[in-house]
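The file run_12.cif contains mmCIF, C-alpha atoms:
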data_target
loop_
_atom_site.group_PDB
_atom_site.id
_atom_site.type_symbol
_atom_site.label_atom_id
_atom_site.label_comp_id
_atom_site.auth_asym_id
_atom_site.auth_seq_id
_atom_site.Cartn_x
_atom_site.Cartn_y
_atom_site.Cartn_z
ATOM 1 C CA MET A 1 0.000 0.000 0.000
ATOM 2 C CA LYS A 2 1.116 3.545 -0.676
ATOM 3 C CA PHE A 3 1.263 5.936 2.293
ATOM 4 C CA ALA A 4 1.473 9.704 2.717
ATOM 5 C CA ILE A 5 2.648 10.882 6.124
ATOM 6 C CA GLN A 6 2.050 14.278 7.703
ATOM 7 C CA ILE A 7 3.965 15.500 10.780
ATOM 8 C CA ASN A 8 2.574 18.505 12.633
ATOM 9 C CA ALA A 9 4.463 18.757 15.937
ATOM 10 C CA SER A 10 7.972 19.960 16.729
ATOM 11 C CA PRO A 11 10.693 17.569 17.881
ATOM 12 C CA TYR A 12 11.115 18.932 21.399
ATOM 13 C CA HIS A 13 7.478 19.556 22.216
ATOM 14 C CA SER A 14 6.199 16.069 21.526
ATOM 15 C CA ASN A 15 7.338 12.612 20.459
ATOM 16 C CA VAL A 16 4.944 12.180 17.563
ATOM 17 C CA GLY A 17 7.664 12.760 14.970
ATOM 18 C CA GLN A 18 9.601 9.865 16.465
ATOM 19 C CA THR A 19 6.465 7.722 16.380
ATOM 20 C CA ALA A 20 6.061 8.650 12.709
ATOM 21 C CA TYR A 21 9.700 7.711 12.066
ATOM 22 C CA GLN A 22 9.190 4.286 13.630
ATOM 23 C CA PHE A 23 5.891 3.853 11.794
ATOM 24 C CA ILE A 24 7.605 4.574 8.469
ATOM 25 C CA ASN A 25 10.363 2.081 9.211
ATOM 26 C CA ALA A 26 7.725 -0.534 10.043
ATOM 27 C CA LEU A 27 5.872 0.243 6.790
ATOM 28 C CA LEU A 28 9.035 -0.140 4.739
ATOM 29 C CA ALA A 29 9.971 -3.348 6.517
ATOM 30 C CA MET A 30 6.559 -4.750 5.581
ATOM 31 C CA GLY A 31 7.029 -3.833 1.938
ATOM 32 C CA HIS A 32 4.752 -0.786 1.810
ATOM 33 C CA GLU A 33 5.672 2.387 -0.034
ATOM 34 C CA VAL A 34 5.989 5.850 1.526
ATOM 35 C CA PHE A 35 5.218 8.320 -1.237
ATOM 36 C CA ARG A 36 5.982 11.478 0.731
ATOM 37 C CA VAL A 37 6.436 12.843 4.241
ATOM 38 C CA PHE A 38 4.985 16.332 4.614
ATOM 39 C CA PHE A 39 6.141 18.535 7.493
ATOM 40 C CA TYR A 40 3.504 21.071 8.494
ATOM 41 C CA HIS A 41 2.770 23.407 11.418
ATOM 42 C CA ASP A 42 5.611 23.067 13.990
ATOM 43 C CA GLY A 43 6.705 19.844 12.270
ATOM 44 C CA ILE A 44 8.944 21.994 10.073
ATOM 45 C CA PHE A 45 11.438 22.220 12.952
ATOM 46 C CA TYR A 46 12.603 18.701 12.079
ATOM 47 C CA ALA A 47 14.273 20.194 9.009
ATOM 48 C CA LEU A 48 16.589 22.606 10.857
ATOM 49 C CA LYS A 49 20.068 21.925 9.527
ATOM 50 C CA HIS A 50 21.892 23.370 12.500
ATOM 51 C CA ALA A 51 20.020 21.544 15.246
ATOM 52 C CA THR A 52 22.798 20.259 17.492
ATOM 53 C CA PRO A 53 21.424 18.101 20.303
ATOM 54 C CA PRO A 54 23.850 16.610 22.866
ATOM 55 C CA ASP A 55 25.739 13.542 21.618
ATOM 56 C CA ASP A 56 23.908 11.159 23.943
ATOM 57 C CA GLU A 57 20.480 12.163 22.571
ATOM 58 C CA LEU A 58 18.744 11.043 19.395
ATOM 59 C CA GLN A 59 19.973 13.045 16.411
ATOM 60 C CA LEU A 60 16.454 13.601 15.116
ATOM 61 C CA THR A 61 17.131 15.703 12.040
ATOM 62 C CA GLN A 62 20.059 13.482 11.050
ATOM 63 C CA GLN A 63 17.819 10.462 11.450
ATOM 64 C CA TRP A 64 15.385 11.869 8.863
ATOM 65 C CA SER A 65 18.197 12.852 6.493
ATOM 66 C CA ASP A 66 19.574 9.303 6.730
ATOM 67 C CA LEU A 67 16.116 7.801 6.166
ATOM 68 C CA ALA A 68 15.594 9.928 3.046
ATOM 69 C CA LYS A 69 18.962 8.853 1.684
ATOM 70 C CA ARG A 70 18.528 5.189 2.523
ATOM 71 C CA HIS A 71 15.048 4.791 1.035
ATOM 72 C CA GLN A 72 14.770 7.757 -1.372
ATOM 73 C CA ILE A 73 11.844 9.141 0.620
ATOM 74 C CA ASP A 74 10.579 12.563 -0.389
ATOM 75 C CA LEU A 75 10.681 14.839 2.696
ATOM 76 C CA VAL A 76 8.772 18.030 1.963
ATOM 77 C CA VAL A 77 8.638 21.033 4.278
ATOM 78 C CA CYS A 78 5.713 23.403 3.774
ATOM 79 C CA ILE A 79 7.048 26.718 2.549
ATOM 80 C CA SER A 80 4.490 28.951 4.266
ATOM 81 C CA ALA A 81 4.827 27.158 7.611
ATOM 82 C CA ALA A 82 8.630 27.336 7.254
ATOM 83 C CA GLN A 83 8.778 31.016 6.376
ATOM 84 C CA ARG A 84 6.429 31.915 9.209
ATOM 85 C CA ARG A 85 8.885 30.266 11.629
ATOM 86 C CA GLY A 86 12.098 31.575 10.062
ATOM 87 C CA LEU A 87 13.264 28.417 8.302
ATOM 88 C CA LEU A 88 14.616 29.578 4.965
ATOM 89 C CA TYR A 89 16.385 27.730 2.200
ATOM 90 C CA LEU A 90 19.219 29.539 0.465
ATOM 91 C CA ASP A 91 17.298 30.670 -2.636
ATOM 92 C CA GLU A 92 14.304 31.981 -0.696
ATOM 93 C CA ALA A 93 16.587 33.719 1.827
ATOM 94 C CA GLN A 94 18.409 35.488 -1.004
ATOM 95 C CA ARG A 95 15.116 36.578 -2.510
ATOM 96 C CA GLN A 96 14.224 38.163 0.829
ATOM 97 C CA GLY A 97 17.653 39.743 1.270
ATOM 98 C CA LYS A 98 18.648 37.330 4.050
ATOM 99 C CA HIS A 99 21.602 34.991 4.408
ATOM 100 C CA ASP A 100 20.046 31.899 5.913
ATOM 101 C CA ASP A 101 20.506 28.380 4.639
ATOM 102 C CA GLU A 102 18.718 26.324 7.235
ATOM 103 C CA LEU A 103 17.412 23.288 5.401
ATOM 104 C CA ALA A 104 18.940 19.961 6.376
ATOM 105 C CA GLU A 105 20.043 17.405 3.820
ATOM 106 C CA GLY A 106 17.327 15.233 2.318
ATOM 107 C CA PHE A 107 14.544 17.783 2.899
ATOM 108 C CA ARG A 108 13.084 20.079 0.287
ATOM 109 C CA ILE A 109 10.798 23.071 0.602
ATOM 110 C CA SER A 110 7.613 23.231 -1.395
ATOM 111 C CA GLY A 111 3.974 24.229 -1.243
ATOM 112 C CA LEU A 112 0.731 22.745 -0.010
ATOM 113 C CA GLY A 113 0.007 21.508 -3.536
ATOM 114 C CA GLN A 114 2.557 18.784 -2.750
ATOM 115 C CA TRP A 115 0.430 17.750 0.213
ATOM 116 C CA VAL A 116 -2.676 17.558 -1.982
ATOM 117 C CA GLU A 117 -0.768 15.528 -4.575
ATOM 118 C CA ALA A 118 0.512 13.139 -1.893
ATOM 119 C CA THR A 119 -2.997 12.539 -0.571
ATOM 120 C CA LEU A 120 -4.296 11.957 -4.108
ATOM 121 C CA VAL A 121 -1.563 9.465 -4.975
ATOM 122 C CA ALA A 122 -1.453 7.608 -1.657
ATOM 123 C CA ASP A 123 -3.924 4.990 -0.514
ATOM 124 C CA ARG A 124 -3.704 6.326 3.048
ATOM 125 C CA LEU A 125 -2.781 9.612 4.707
ATOM 126 C CA ILE A 126 -1.585 9.227 8.286
ATOM 127 C CA THR A 127 -1.172 12.424 10.320
ATOM 128 C CA PHE A 128 0.996 12.670 13.423
ATOM 129 C CA GLY A 129 0.429 15.440 15.971
ATOM 130 C CA MET B 1 -10.835 13.405 -7.243
ATOM 131 C CA LYS B 2 -11.100 12.541 -3.574
ATOM 132 C CA SER B 3 -13.216 13.850 -0.744
ATOM 133 C CA TYR B 4 -11.565 15.289 2.361
ATOM 134 C CA LEU B 5 -12.948 15.835 5.835
ATOM 135 C CA PHE B 6 -10.856 18.217 7.926
ATOM 136 C CA ILE B 7 -11.451 17.981 11.652
ATOM 137 C CA LEU B 8 -10.755 20.941 13.938
ATOM 138 C CA ARG B 9 -10.565 20.111 17.637
ATOM 139 C CA LYS B 10 -8.217 22.681 19.158
ATOM 140 C CA PRO B 11 -9.574 25.877 20.746
ATOM 141 C CA ALA B 12 -9.609 29.233 19.007
ATOM 142 C CA HIS B 13 -6.410 31.299 19.128
ATOM 143 C CA SER B 14 -4.060 28.298 19.458
ATOM 144 C CA GLY B 15 -1.178 30.092 17.756
ATOM 145 C CA SER B 16 -1.234 29.843 13.965
ATOM 146 C CA TYR B 17 -3.188 26.557 14.079
ATOM 147 C CA LEU B 18 -6.372 27.854 12.484
ATOM 148 C CA GLN B 19 -4.632 29.985 9.852
ATOM 149 C CA GLU B 20 -2.593 26.960 8.761
ATOM 150 C CA MET B 21 -5.580 24.627 8.833
ATOM 151 C CA LEU B 22 -7.516 27.050 6.667
ATOM 152 C CA ASP B 23 -4.520 27.290 4.289
ATOM 153 C CA ILE B 24 -4.538 23.530 3.774
ATOM 154 C CA ILE B 25 -8.346 23.409 3.490
ATOM 155 C CA LEU B 26 -8.465 26.209 0.912
ATOM 156 C CA THR B 27 -5.561 24.708 -1.063
ATOM 157 C CA THR B 28 -7.392 21.388 -1.236
ATOM 158 C CA ALA B 29 -10.549 23.165 -2.395
ATOM 159 C CA ALA B 30 -8.521 25.140 -4.955
ATOM 160 C CA PHE B 31 -7.387 21.791 -6.424
ATOM 161 C CA ASP B 32 -11.076 21.039 -7.073
ATOM 162 C CA GLN B 33 -11.400 18.353 -4.443
ATOM 163 C CA LYS B 34 -14.544 17.856 -2.398
ATOM 164 C CA VAL B 35 -13.946 19.374 1.033
ATOM 165 C CA GLY B 36 -15.897 19.109 4.284
ATOM 166 C CA LEU B 37 -15.131 20.521 7.704
ATOM 167 C CA LEU B 38 -16.063 18.994 11.049
ATOM 168 C CA ILE B 39 -15.592 21.050 14.209
ATOM 169 C CA LEU B 40 -15.462 19.106 17.462
ATOM 170 C CA ASP B 41 -14.595 19.568 21.136
ATOM 171 C CA ASP B 42 -12.885 22.890 21.968
ATOM 172 C CA GLY B 43 -12.789 23.592 18.219
ATOM 173 C CA VAL B 44 -16.357 24.912 18.526
ATOM 174 C CA PHE B 45 -14.962 28.091 20.105
ATOM 175 C CA HIS B 46 -13.672 29.012 16.637
ATOM 176 C CA LEU B 47 -17.293 29.519 15.652
ATOM 177 C CA LYS B 48 -18.316 31.702 18.588
ATOM 178 C CA HIS B 49 -19.494 35.041 17.295
ATOM 179 C CA GLY B 50 -18.705 38.349 18.936
ATOM 180 C CA GLN B 51 -14.996 37.720 19.483
ATOM 181 C CA ASN B 52 -12.806 40.815 19.522
ATOM 182 C CA PRO B 53 -9.330 39.312 19.367
ATOM 183 C CA GLU B 54 -7.824 42.257 17.493
ATOM 184 C CA LYS B 55 -7.835 44.160 20.802
ATOM 185 C CA THR B 56 -5.078 41.804 21.931
ATOM 186 C CA GLY B 57 -3.232 41.946 18.610
ATOM 187 C CA ILE B 58 -4.537 38.560 17.460
ATOM 188 C CA LYS B 59 -6.074 38.025 14.044
ATOM 189 C CA ASP B 60 -9.866 37.749 13.927
ATOM 190 C CA THR B 61 -10.220 34.112 12.973
ATOM 191 C CA ALA B 62 -13.995 34.367 12.472
ATOM 192 C CA ALA B 63 -13.210 36.625 9.492
ATOM 193 C CA ILE B 64 -10.853 34.001 8.009
ATOM 194 C CA PHE B 65 -13.637 31.431 8.215
ATOM 195 C CA LYS B 66 -15.691 33.545 5.847
ATOM 196 C CA ALA B 67 -13.105 32.799 3.119
ATOM 197 C CA LEU B 68 -14.389 29.215 3.036
ATOM 198 C CA GLU B 69 -17.504 30.345 1.229
ATOM 199 C CA LEU B 70 -15.432 31.928 -1.545
ATOM 200 C CA TYR B 71 -13.883 28.523 -2.227
ATOM 201 C CA ASP B 72 -17.263 26.749 -2.170
ATOM 202 C CA VAL B 73 -16.492 24.979 1.093
ATOM 203 C CA GLU B 74 -20.027 24.779 2.393
ATOM 204 C CA ASP B 75 -20.156 21.356 4.045
ATOM 205 C CA ILE B 76 -19.382 22.534 7.555
ATOM 206 C CA TYR B 77 -20.480 20.415 10.487
ATOM 207 C CA THR B 78 -20.293 20.694 14.216
ATOM 208 C CA GLU B 79 -21.434 18.410 16.983
ATOM 209 C CA GLN B 80 -24.379 19.119 19.252
ATOM 210 C CA GLU B 81 -22.700 17.598 22.322
ATOM 211 C CA SER B 82 -19.513 19.666 21.832
ATOM 212 C CA LEU B 83 -21.615 22.834 21.775
ATOM 213 C CA LEU B 84 -23.801 21.912 24.759
ATOM 214 C CA ASP B 85 -20.821 20.848 26.902
ATOM 215 C CA ARG B 86 -19.447 24.363 26.468
ATOM 216 C CA GLY B 87 -22.680 26.252 27.046
ATOM 217 C CA LEU B 88 -23.126 27.100 23.363
ATOM 218 C CA ASN B 89 -25.932 26.572 20.898
ATOM 219 C CA GLY B 90 -26.639 27.309 17.229
ATOM 220 C CA THR B 91 -27.466 30.971 17.894
ATOM 221 C CA ASP B 92 -23.939 31.625 19.275
ATOM 222 C CA LEU B 93 -22.222 30.777 15.998
ATOM 223 C CA CYS B 94 -20.756 33.128 13.399
ATOM 224 C CA LEU B 95 -21.305 30.786 10.437
ATOM 225 C CA PRO B 96 -24.213 28.734 9.158
ATOM 226 C CA VAL B 97 -23.218 25.154 10.047
ATOM 227 C CA ASN B 98 -24.898 21.768 10.146
ATOM 228 C CA ILE B 99 -25.269 20.631 13.747
ATOM 229 C CA ILE B 100 -25.166 16.845 14.024
ATOM 230 C CA ASP B 101 -25.408 14.434 16.951
ATOM 231 C CA ARG B 102 -22.345 12.568 18.214
ATOM 232 C CA LYS B 103 -23.877 9.249 17.150
ATOM 233 C CA ASP B 104 -23.842 10.464 13.518
ATOM 234 C CA VAL B 105 -20.175 11.535 13.409
ATOM 235 C CA GLY B 106 -19.026 8.058 12.390
ATOM 236 C CA SER B 107 -21.365 7.847 9.427
ATOM 237 C CA LEU B 108 -20.340 11.368 8.348
ATOM 238 C CA MET B 109 -16.666 10.297 8.348
ATOM 239 C CA LYS B 110 -17.505 7.278 6.214
ATOM 240 C CA GLN B 111 -18.663 9.606 3.441
ATOM 241 C CA PHE B 112 -15.090 10.926 2.932
ATOM 242 C CA ASN B 113 -11.963 9.292 1.458
ATOM 243 C CA VAL B 114 -9.411 11.236 3.494
ATOM 244 C CA ILE B 115 -9.842 12.253 7.132
ATOM 245 C CA VAL B 116 -7.415 14.972 8.216
ATOM 246 C CA SER B 117 -7.252 15.358 11.963
ATOM 247 C CA GLY B 118 -5.861 18.501 13.480
#
Structure re-expressed in structure tokens:
Amino acid sequence: MKFAIQINASPYHSNVGQTAYQFINALLAMGHEVFRVFFYHDGIFYALKHATPPDDELQLTQQWSDLAKRHQIDLVVCISAAQRRGLLYLDEAQRQGKHDDELAEGFRISGLGQWVEATLVADRLITFG
Amino acid sequence: MKSYLFILRKPAHSGSYLQEMLDIILTTAAFDQKVGLLILDDGVFHLKHGQNPEKTGIKDTAAIFKALELYDVEDIYTEQESLLDRGLNGTDLCLPVNIIDRKDVGSLMKQFNVIVSG
């Protein structure tokens, strides 16, 4: 079955992103397909490139980057939610006269149309948070 | 084409929650999908008329709700029990909505392909 996943909560306010991560790994292990993971609301904070948690904690952003690389999963961060919270990718930052480049590897920034597409393509949408 | 039921359960003025929910609802409608809205629990406070949030610098969310009509989102439901539990009834609401009983929520959900909880 083809799944679309939506993550709405930030990494240090709730554990739902971690639950989603484990859910995705379980899906893949069972032979299902994850068409896209869409980060919305405070979920966009998973994509912060410079998040530097202590070494003995889970490296949450790195974990997602590794997952994307390992399984070619499309990780999309909502552009309006990201801009509202100050997460800018290089090209958008330059357009706004800023110098940020905050997006971690394996993530890309795009619009809500990508969410609609994911829900149209997938057999199931599962939201976390 | 699919049909989507968006469910609002958080109270009014929960940060940018409502603005972002309305963004996703209106985007879905703009892609010509069938869209419904179900407002449950503390979400019913979104519908309370006579709010003056701009006095505290907060956006008037009741005004944003009116945008739904422009996008032909007219299937808006709320639950009788959620209203009554909070001392509200149909006359307190800023939008025309369908008020359904809790026992009918399940059958409403079955009419949609995608349920988006929020």
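If you take all atoms listed in the file and a cut-off of 8 Å, the residues of chain A that reach chain B are His41, Ala81, Leu112, Gly113, Val116, Thr119, Leu120, Arg124, Leu125, Thr127 and Gly129 of chain A.
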Item to complete: Just the residues within 10 Å of stretch 87-99 of chain A, please, counting only C-alpha atoms, with nothing from its chain fewer than 4 positions along; format it as an MDAnalysis selection string.
Response: chainID A and resid 44:45 47:49 77 79:83 103:104 108:109
Item to complete: Counting all atoms listed in the file, figure out which residue out of B:Pro96, B:Gly36, B:Gly43, B:Pro53 gets nearest to B:Gln111.
Response: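 Result for the nearest residue to B:Gln111: B:Gly36.
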Worksheet entry | Å distance separating atom CA of B:Tyr71 from atom CA of B:Lys59, one decimal place |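 Between atom CA of B:Tyr71 and atom CA of B:Lys59 the gap works out to 20.4 Å.
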Worksheet entry | Test item: residues at most 10 Å from A:Asp123, only C-alpha atoms, excluding those fewer than 5 positions along its chain, as number ranges by chain | A: 1-4, 33, 35, 118; B: 113-114
Generate the coordinates of N, CA and C atoms for stretch 96-116 of chain A; report them as a PDB file, keeping the file's coordinate frame.
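See selection.pdb below for the written result:
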ATOM      1  N   GLN A  96      14.704  37.262  -0.219  1.00  0.00           N
ATOM      2  CA  GLN A  96      14.224  38.163   0.829  1.00  0.00           C
ATOM      3  C   GLN A  96      15.353  38.989   1.438  1.00  0.00           C
ATOM      4  N   GLY A  97      16.528  38.954   0.787  1.00  0.00           N
ATOM      5  CA  GLY A  97      17.653  39.743   1.270  1.00  0.00           C
ATOM      6  C   GLY A  97      18.228  39.230   2.582  1.00  0.00           C
ATOM      7  N   LYS A  98      18.101  37.926   2.824  1.00  0.00           N
ATOM      8  CA  LYS A  98      18.648  37.330   4.050  1.00  0.00           C
ATOM      9  C   LYS A  98      19.726  36.318   3.681  1.00  0.00           C
ATOM     10  N   HIS A  99      20.455  35.850   4.701  1.00  0.00           N
ATOM     11  CA  HIS A  99      21.602  34.991   4.408  1.00  0.00           C
ATOM     12  C   HIS A  99      21.432  33.572   4.917  1.00  0.00           C
ATOM     13  N   ASP A 100      20.234  33.206   5.294  1.00  0.00           N
ATOM     14  CA  ASP A 100      20.046  31.899   5.913  1.00  0.00           C
ATOM     15  C   ASP A 100      20.155  30.758   4.894  1.00  0.00           C
ATOM     16  N   ASP A 101      20.512  29.616   5.422  1.00  0.00           N
ATOM     17  CA  ASP A 101      20.506  28.380   4.639  1.00  0.00           C
ATOM     18  C   ASP A 101      20.283  27.274   5.657  1.00  0.00           C
ATOM     19  N   GLU A 102      19.029  27.088   6.024  1.00  0.00           N
ATOM     20  CA  GLU A 102      18.718  26.324   7.235  1.00  0.00           C
ATOM     21  C   GLU A 102      18.293  24.887   6.957  1.00  0.00           C
ATOM     22  N   LEU A 103      18.075  24.554   5.696  1.00  0.00           N
ATOM     23  CA  LEU A 103      17.412  23.288   5.401  1.00  0.00           C
ATOM     24  C   LEU A 103      18.389  22.112   5.429  1.00  0.00           C
ATOM     25  N   ALA A 104      18.065  21.132   6.239  1.00  0.00           N
ATOM     26  CA  ALA A 104      18.940  19.961   6.376  1.00  0.00           C
ATOM     27  C   ALA A 104      18.885  19.090   5.123  1.00  0.00           C
ATOM     28  N   GLU A 105      19.911  18.284   4.984  1.00  0.00           N
ATOM     29  CA  GLU A 105      20.043  17.405   3.820  1.00  0.00           C
ATOM     30  C   GLU A 105      18.858  16.424   3.727  1.00  0.00           C
ATOM     31  N   GLY A 106      18.399  16.207   2.530  1.00  0.00           N
ATOM     32  CA  GLY A 106      17.327  15.233   2.318  1.00  0.00           C
ATOM     33  C   GLY A 106      15.943  15.840   2.366  1.00  0.00           C
ATOM     34  N   PHE A 107      15.840  17.087   2.875  1.00  0.00           N
ATOM     35  CA  PHE A 107      14.544  17.783   2.899  1.00  0.00           C
ATOM     36  C   PHE A 107      14.467  18.716   1.695  1.00  0.00           C
ATOM     37  N   ARG A 108      13.254  19.008   1.251  1.00  0.00           N
ATOM     38  CA  ARG A 108      13.084  20.079   0.287  1.00  0.00           C
ATOM     39  C   ARG A 108      11.880  20.917   0.689  1.00  0.00           C
ATOM     40  N   ILE A 109      11.890  22.164   0.241  1.00  0.00           N
ATOM     41  CA  ILE A 109      10.798  23.071   0.602  1.00  0.00           C
ATOM     42  C   ILE A 109       9.859  23.197  -0.584  1.00  0.00           C
ATOM     43  N   SER A 110       8.575  23.054  -0.316  1.00  0.00           N
ATOM     44  CA  SER A 110       7.613  23.231  -1.395  1.00  0.00           C
ATOM     45  C   SER A 110       6.259  23.614  -0.811  1.00  0.00           C
ATOM     46  N   GLY A 111       5.260  23.692  -1.678  1.00  0.00           N
ATOM     47  CA  GLY A 111       3.974  24.229  -1.243  1.00  0.00           C
ATOM     48  C   GLY A 111       2.953  23.163  -0.869  1.00  0.00           C
ATOM     49  N   LEU A 112       1.805  23.639  -0.440  1.00  0.00           N
ATOM     50  CA  LEU A 112       0.731  22.745  -0.010  1.00  0.00           C
ATOM     51  C   LEU A 112       0.177  21.895  -1.149  1.00  0.00           C
ATOM     52  N   GLY A 113       0.426  22.319  -2.390  1.00  0.00           N
ATOM     53  CA  GLY A 113       0.007  21.508  -3.536  1.00  0.00           C
ATOM     54  C   GLY A 113       0.643  20.125  -3.474  1.00  0.00           C
ATOM     55  N   GLN A 114       1.859  20.066  -2.897  1.00  0.00           N
ATOM     56  CA  GLN A 114       2.557  18.784  -2.750  1.00  0.00           C
ATOM     57  C   GLN A 114       1.846  17.886  -1.743  1.00  0.00           C
ATOM     58  N   TRP A 115       1.224  18.518  -0.757  1.00  0.00           N
ATOM     59  CA  TRP A 115       0.430  17.750   0.213  1.00  0.00           C
ATOM     60  C   TRP A 115      -0.803  17.172  -0.488  1.00  0.00           C
ATOM     61  N   VAL A 116      -1.474  18.021  -1.279  1.00  0.00           N
ATOM     62  CA  VAL A 116      -2.676  17.558  -1.982  1.00  0.00           C
ATOM     63  C   VAL A 116      -2.303  16.405  -2.907  1.00  0.00           C
TER      64      VAL A 116
END
